[in-house]
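See below for the structure under consideration.
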Amino acid sequence: MRLIFLGAPGAGKGTLAELLAKEENLAHISTGSMLREQIREGTNLGKEAKGYMDSGQLVPAELVSSILADSLKSLAKDQGYILDGYPRSLEQAEYLDKLLEDLNTPLDAVVQVEISNEVIIDRLSSRLTCESCSSVYNLKQNPPKVEGVCDKCGGKLIQRDDDKAEVIKQRLEVYEINTKPLIDYYKNKDLLVTVDNSGSPQAGLAKLLEVLKK
Ligand code: AMP
């Protein structure tokens with residue numbers, strides 16, 4: 001299965017992608033996580049991307065598309081995957097179409113992960129991310145066993161710079177302008193399915209599995 005997860009920041013794409021990837025043995029490809037890794041490693045790409053990310057803007061397509069292409073090309077041809085956070089604009093969607101055509105690996109579906117704006121702001125402002133392995137926690141819904149410490153790797157949990165209130169607003173605006181048009185783009189290609197993810201991650205996963213079965 002080759003899938004794209006589309007949705008506003010905070011809709012729960014990453015958490016849902018992680019759960020589905022485990023359930024169905026899919027690779028979870030998150031451009032946001034790959035960029036944060038580049039920042040941690042202090043690469044030139046990371047240095048260039050950081051300013052855009054910290055202010056809630058999209059990183060220029062040429063920086064993101066190259067790491068995405070490398071990642072897809074490195075997978076075995078029959079390895080299914082979930083793209084989480086890519087594409088985020090029509091330009092990127094068209095680039096991806098071309099890349100997948102060259103690789104002869106068409107998409108199976110595009111999942112629109114939906115929740116209301118109030119839930120988004122509430123979720124993002126209580127989200128914590130592991131500095132070392134990028135695992136995501138939520139203080140209300142999915143807290144770590146020990147405060148401030150990642151259950152999986154023992155790393156330190158931090159609030160992402162772009163999860164601060166003023167940046168969240170900017171990211172939601174960027175989503176409305178750049179990414180939302182992709183819903184119609186994939187609807188027209190007859191690839192779009194929608195999942196309501198306002199409840200718990202497990203409830204979201206159950207709905208998603210139901211929708212994908214069809
Ligand atoms: P995410 O972890 O998906 O919320 O992404 C965090 C940030 O990384 C975004 O706000 C963007 O600044 C940047 N980013 C991630 N994916 C992309 C992409 N496909 N295109 C441009 N910027 C991206």
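By order of appearance in the structure tokens: chains A, B, ..., then residues from 1 within every chain, and ligands from 1 in the order shown.
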
Item to check | Backbone DSSP call of helix (DSSP H, G or I) for stretch 46-206 of chain A, listed as an MDAnalysis selection string | outcome: chainID A and resid 46:54 61:73 90:103 117:125 161:163 165:179 181:188 201:206

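By only C-alpha atoms, and with residues fewer than 3 positions from stretch 159-171 of chain A along its chain excluded, the set lying at most 8 Å from it is Pro9, Met53, Asp54, Ser55, Gly56, Gln57, Ile121, Leu124, Ser125, Arg127, Leu128, Thr129, Val174 and Tyr175 of chain A.
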
Selection above as a file: N, CA, C and O atoms, as a CSV table (one decimal), in the first residue's frame:
```csv
chain,number,residue,atom,x,y,z
A,9,PRO,N,-1.8,20.8,10.4
A,9,PRO,CA,-0.8,20.5,11.4
A,9,PRO,C,-1.7,20.2,12.7
A,9,PRO,O,-2.7,20.9,12.9
A,53,MET,N,11.2,26.7,9.2
A,53,MET,CA,10.4,25.8,10.1
A,53,MET,C,10.0,26.6,11.4
A,53,MET,O,8.9,26.5,11.8
A,54,ASP,N,11.0,27.3,12.0
A,54,ASP,CA,10.7,28.0,13.2
A,54,ASP,C,9.6,29.1,13.1
A,54,ASP,O,9.0,29.4,14.0
A,55,SER,N,9.5,29.6,11.9
A,55,SER,CA,8.5,30.7,11.7
A,55,SER,C,7.2,30.1,11.1
A,55,SER,O,6.3,30.9,10.7
A,56,GLY,N,7.1,28.8,10.9
A,56,GLY,CA,5.9,28.2,10.5
A,56,GLY,C,5.7,28.2,9.0
A,56,GLY,O,4.6,28.0,8.5
A,57,GLN,N,6.7,28.6,8.2
A,57,GLN,CA,6.6,28.6,6.7
A,57,GLN,C,7.0,27.3,6.1
A,57,GLN,O,7.7,26.5,6.8
A,121,ILE,N,-5.7,23.2,17.9
A,121,ILE,CA,-4.9,24.2,18.7
A,121,ILE,C,-4.6,23.5,20.1
A,121,ILE,O,-3.5,23.6,20.6
A,124,LEU,N,-1.9,20.7,19.6
A,124,LEU,CA,-0.6,21.2,19.3
A,124,LEU,C,0.1,21.8,20.5
A,124,LEU,O,1.3,21.6,20.8
A,125,SER,N,-0.7,22.6,21.3
A,125,SER,CA,-0.1,23.3,22.4
A,125,SER,C,0.2,22.3,23.6
A,125,SER,O,0.9,22.6,24.5
A,127,ARG,N,1.4,19.2,22.8
A,127,ARG,CA,2.3,18.1,22.2
A,127,ARG,C,3.7,18.2,22.7
A,127,ARG,O,4.3,19.3,22.7
A,128,LEU,N,4.3,17.1,22.9
A,128,LEU,CA,5.8,17.0,23.2
A,128,LEU,C,6.4,16.0,22.3
A,128,LEU,O,5.8,15.0,21.9
A,129,THR,N,7.6,16.4,21.9
A,129,THR,CA,8.3,15.5,20.9
A,129,THR,C,9.7,15.1,21.5
A,129,THR,O,10.4,15.9,22.1
A,174,VAL,N,-0.7,28.7,6.5
A,174,VAL,CA,0.0,28.1,5.4
A,174,VAL,C,-0.7,26.8,4.9
A,174,VAL,O,-0.8,26.6,3.7
A,175,TYR,N,-1.3,26.1,5.8
A,175,TYR,CA,-2.0,24.9,5.4
A,175,TYR,C,-3.2,25.3,4.5
A,175,TYR,O,-3.4,24.7,3.4
```

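Inside stretch 102-140 of chain A, the residues DSSP reads as strand (DSSP E or B) when given the backbone are Ala109, Val110, Val111, Gln112, Val113, Glu114, Arg127, Leu128, Thr129, Cys130, Val136, Tyr137 and Asn138 of chain A.
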
Hey, which residues come within 7 Å of ligand 1 if we count only C-alpha atoms and all ligand atoms? Could you give them as a short mmCIF file (atom, residue, chain, number, x, y, z; two decimals) with N, CA and C atoms, in the first residue's frame?
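Result written to pocket-v5.cif:
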```
data_model
loop_
_atom_site.label_atom_id
_atom_site.label_comp_id
_atom_site.auth_asym_id
_atom_site.auth_seq_id
_atom_site.Cartn_x
_atom_site.Cartn_y
_atom_site.Cartn_z
N PRO A 9 -1.78 20.81 10.35
CA PRO A 9 -0.85 20.49 11.44
C PRO A 9 -1.69 20.18 12.68
N SER A 30 8.25 10.80 6.98
CA SER A 30 7.81 12.13 7.42
C SER A 30 8.86 13.16 7.04
N THR A 31 8.50 14.06 6.13
CA THR A 31 9.49 15.06 5.71
C THR A 31 9.85 15.99 6.88
N GLY A 32 8.86 16.28 7.75
CA GLY A 32 9.15 17.12 8.92
C GLY A 32 10.21 16.46 9.80
N SER A 33 10.06 15.14 10.07
CA SER A 33 11.06 14.44 10.91
C SER A 33 12.42 14.42 10.22
N LEU A 35 13.60 16.61 8.16
CA LEU A 35 14.19 17.96 8.25
C LEU A 35 14.72 18.22 9.66
N TYR A 52 12.82 28.71 8.22
CA TYR A 52 11.46 28.55 7.68
C TYR A 52 10.60 27.78 8.67
N MET A 53 11.17 26.69 9.21
CA MET A 53 10.38 25.84 10.11
C MET A 53 10.01 26.58 11.39
N GLY A 56 7.11 28.77 10.94
CA GLY A 56 5.86 28.17 10.47
C GLY A 56 5.67 28.24 8.96
N GLN A 57 6.74 28.56 8.22
CA GLN A 57 6.64 28.64 6.75
C GLN A 57 7.03 27.30 6.13
N LEU A 58 6.66 27.11 4.88
CA LEU A 58 7.13 25.92 4.17
C LEU A 58 8.60 26.09 3.80
N VAL A 59 9.35 25.02 3.93
CA VAL A 59 10.74 25.00 3.47
C VAL A 59 10.70 24.98 1.94
N PRO A 60 11.59 25.69 1.23
CA PRO A 60 11.53 25.70 -0.23
C PRO A 60 11.50 24.28 -0.81
N ALA A 61 10.66 24.12 -1.84
CA ALA A 61 10.39 22.78 -2.40
C ALA A 61 11.67 22.05 -2.80
N VAL A 64 13.21 20.14 0.16
CA VAL A 64 12.44 19.01 0.69
C VAL A 64 12.34 17.89 -0.35
N ASP A 84 3.95 11.31 5.08
CA ASP A 84 3.34 12.15 6.12
C ASP A 84 3.98 13.54 6.02
N GLY A 85 3.22 14.50 5.53
CA GLY A 85 3.77 15.87 5.43
C GLY A 85 4.32 16.19 4.05
N TYR A 86 4.13 15.31 3.11
CA TYR A 86 4.53 15.57 1.72
C TYR A 86 3.50 14.89 0.82
N PRO A 87 2.97 15.53 -0.19
CA PRO A 87 3.23 16.91 -0.61
C PRO A 87 2.45 17.92 0.23
N ARG A 88 2.91 19.17 0.17
CA ARG A 88 2.25 20.23 0.91
C ARG A 88 1.85 21.38 0.00
N ARG A 171 1.20 28.36 10.82
CA ARG A 171 1.20 27.05 10.14
C ARG A 171 -0.20 26.70 9.63
#
```

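With only C-alpha atoms as the atoms that count, the minimum distance from A:Gly204 to the choices A:Leu45, A:Leu99, A:Met34, A:Ile115 is reached by A:Ile115.
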
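Between A:Phe5 and the candidates A:Ala109, A:Ala203, A:Ala69, A:Leu75, the tightest atom-to-atom separation, counting only C-alpha atoms, involves A:Ala109.
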
Next on the checklist: Residues near A:Lys77, anyone? I mean within 10 Å using only C-alpha atoms, not counting same-chain ones fewer than 4 positions away, as a VMD selection string.
Outcome noted: chain A and resid 72 to 73 103 to 105

Item to check | Residue nearest A:Lys213 among A:Gln38, A:Asn138, A:Asn188, A:Asp108 (counting only C-alpha atoms) | outcome: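 Using only C-alpha atoms, A:Lys213 sits closest to A:Asp108.
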
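For the choices A:Asn44, A:Gln202, A:Ser116, A:Thr179, the atom-to-atom distance to A:Asn142 is smallest for A:Gln202 when using only C-alpha atoms.
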
Checklist entry - Quick one: of A:Lys13, A:Arg36, A:Lys180, A:Lys22, who's nearest to A:Lys50, counting only C-alpha atoms? => result A:Arg36

Item to check | Nearest candidate to A:Glu18 (options A:Leu63, A:Leu182, A:Cys150, A:Leu205; using only C-alpha atoms) | outcome: A:Leu205

If we count only C-alpha atoms and set the cut-off at 12 Å, which residues sit around A:Leu20, ignoring sequence neighbours fewer than 3 positions away in its own chain? Please answer as an mmCIF file with C-alpha atoms, in the first residue's frame.
```
data_model
loop_
_atom_site.group_PDB
_atom_site.id
_atom_site.type_symbol
_atom_site.label_atom_id
_atom_site.label_comp_id
_atom_site.auth_asym_id
_atom_site.auth_seq_id
_atom_site.Cartn_x
_atom_site.Cartn_y
_atom_site.Cartn_z
ATOM 1 C CA MET A 1 0.000 0.000 0.000
ATOM 2 C CA ARG A 2 1.328 3.423 -0.967
ATOM 3 C CA LEU A 3 -0.473 6.222 0.846
ATOM 4 C CA PHE A 5 -1.670 11.447 4.661
ATOM 5 C CA LYS A 13 -1.218 12.501 10.799
ATOM 6 C CA GLY A 14 2.072 11.490 12.411
ATOM 7 C CA THR A 15 0.549 9.462 15.250
ATOM 8 C CA LEU A 16 -1.931 7.740 12.938
ATOM 9 C CA ALA A 17 0.801 7.066 10.376
ATOM 10 C CA GLU A 23 -0.063 -2.601 11.801
ATOM 11 C CA GLU A 24 0.541 -2.983 8.046
ATOM 12 C CA ASN A 25 4.356 -3.092 7.935
ATOM 13 C CA LEU A 26 4.655 0.163 5.988
ATOM 14 C CA ALA A 27 7.540 2.635 5.952
ATOM 15 C CA HIS A 28 6.609 5.931 7.634
ATOM 16 C CA GLY A 80 4.536 0.026 1.008
ATOM 17 C CA TYR A 81 4.731 3.423 2.697
ATOM 18 C CA ILE A 82 2.923 6.392 4.142
ATOM 19 C CA LEU A 83 3.978 9.883 3.132
ATOM 20 C CA ASP A 84 3.339 12.146 6.117
ATOM 21 C CA VAL A 111 -6.089 9.888 3.331
ATOM 22 C CA PRO A 201 -5.426 7.547 18.167
ATOM 23 C CA GLN A 202 -6.790 3.972 18.481
ATOM 24 C CA ALA A 203 -10.264 5.102 17.414
ATOM 25 C CA GLY A 204 -8.711 6.934 14.446
ATOM 26 C CA LEU A 205 -6.787 3.808 13.464
ATOM 27 C CA ALA A 206 -9.921 1.627 13.598
ATOM 28 C CA LYS A 207 -11.759 4.083 11.299
ATOM 29 C CA LEU A 208 -8.787 4.268 8.966
ATOM 30 C CA LEU A 209 -8.516 0.467 8.639
ATOM 31 C CA GLU A 210 -12.240 0.324 7.877
ATOM 32 C CA LEU A 212 -8.876 1.394 3.581
#
```

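Here atom CA of A:Gln141 stands at a distance of 13.0 Å from atom CA of A:Gly10.
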
Next on the checklist: Excluding A:Cys133 and its own-chain neighbours fewer than 6 positions away, which residues fall within 9 Å of it when counting only C-alpha atoms? Please give them as a PyMOL selection string.
Outcome noted: chain A and resi 150+152-153+155

Output the selection as a CSV table (one decimal), in the first residue's frame - C-alpha atoms for each residue.
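After the write, again_20.csv holds the following:
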```csv
chain,number,residue,atom,x,y,z
A,150,CYS,CA,10.6,9.4,26.1
A,152,LYS,CA,10.9,4.4,23.8
A,153,CYS,CA,14.5,5.7,24.0
A,155,GLY,CA,15.4,10.9,25.3
```
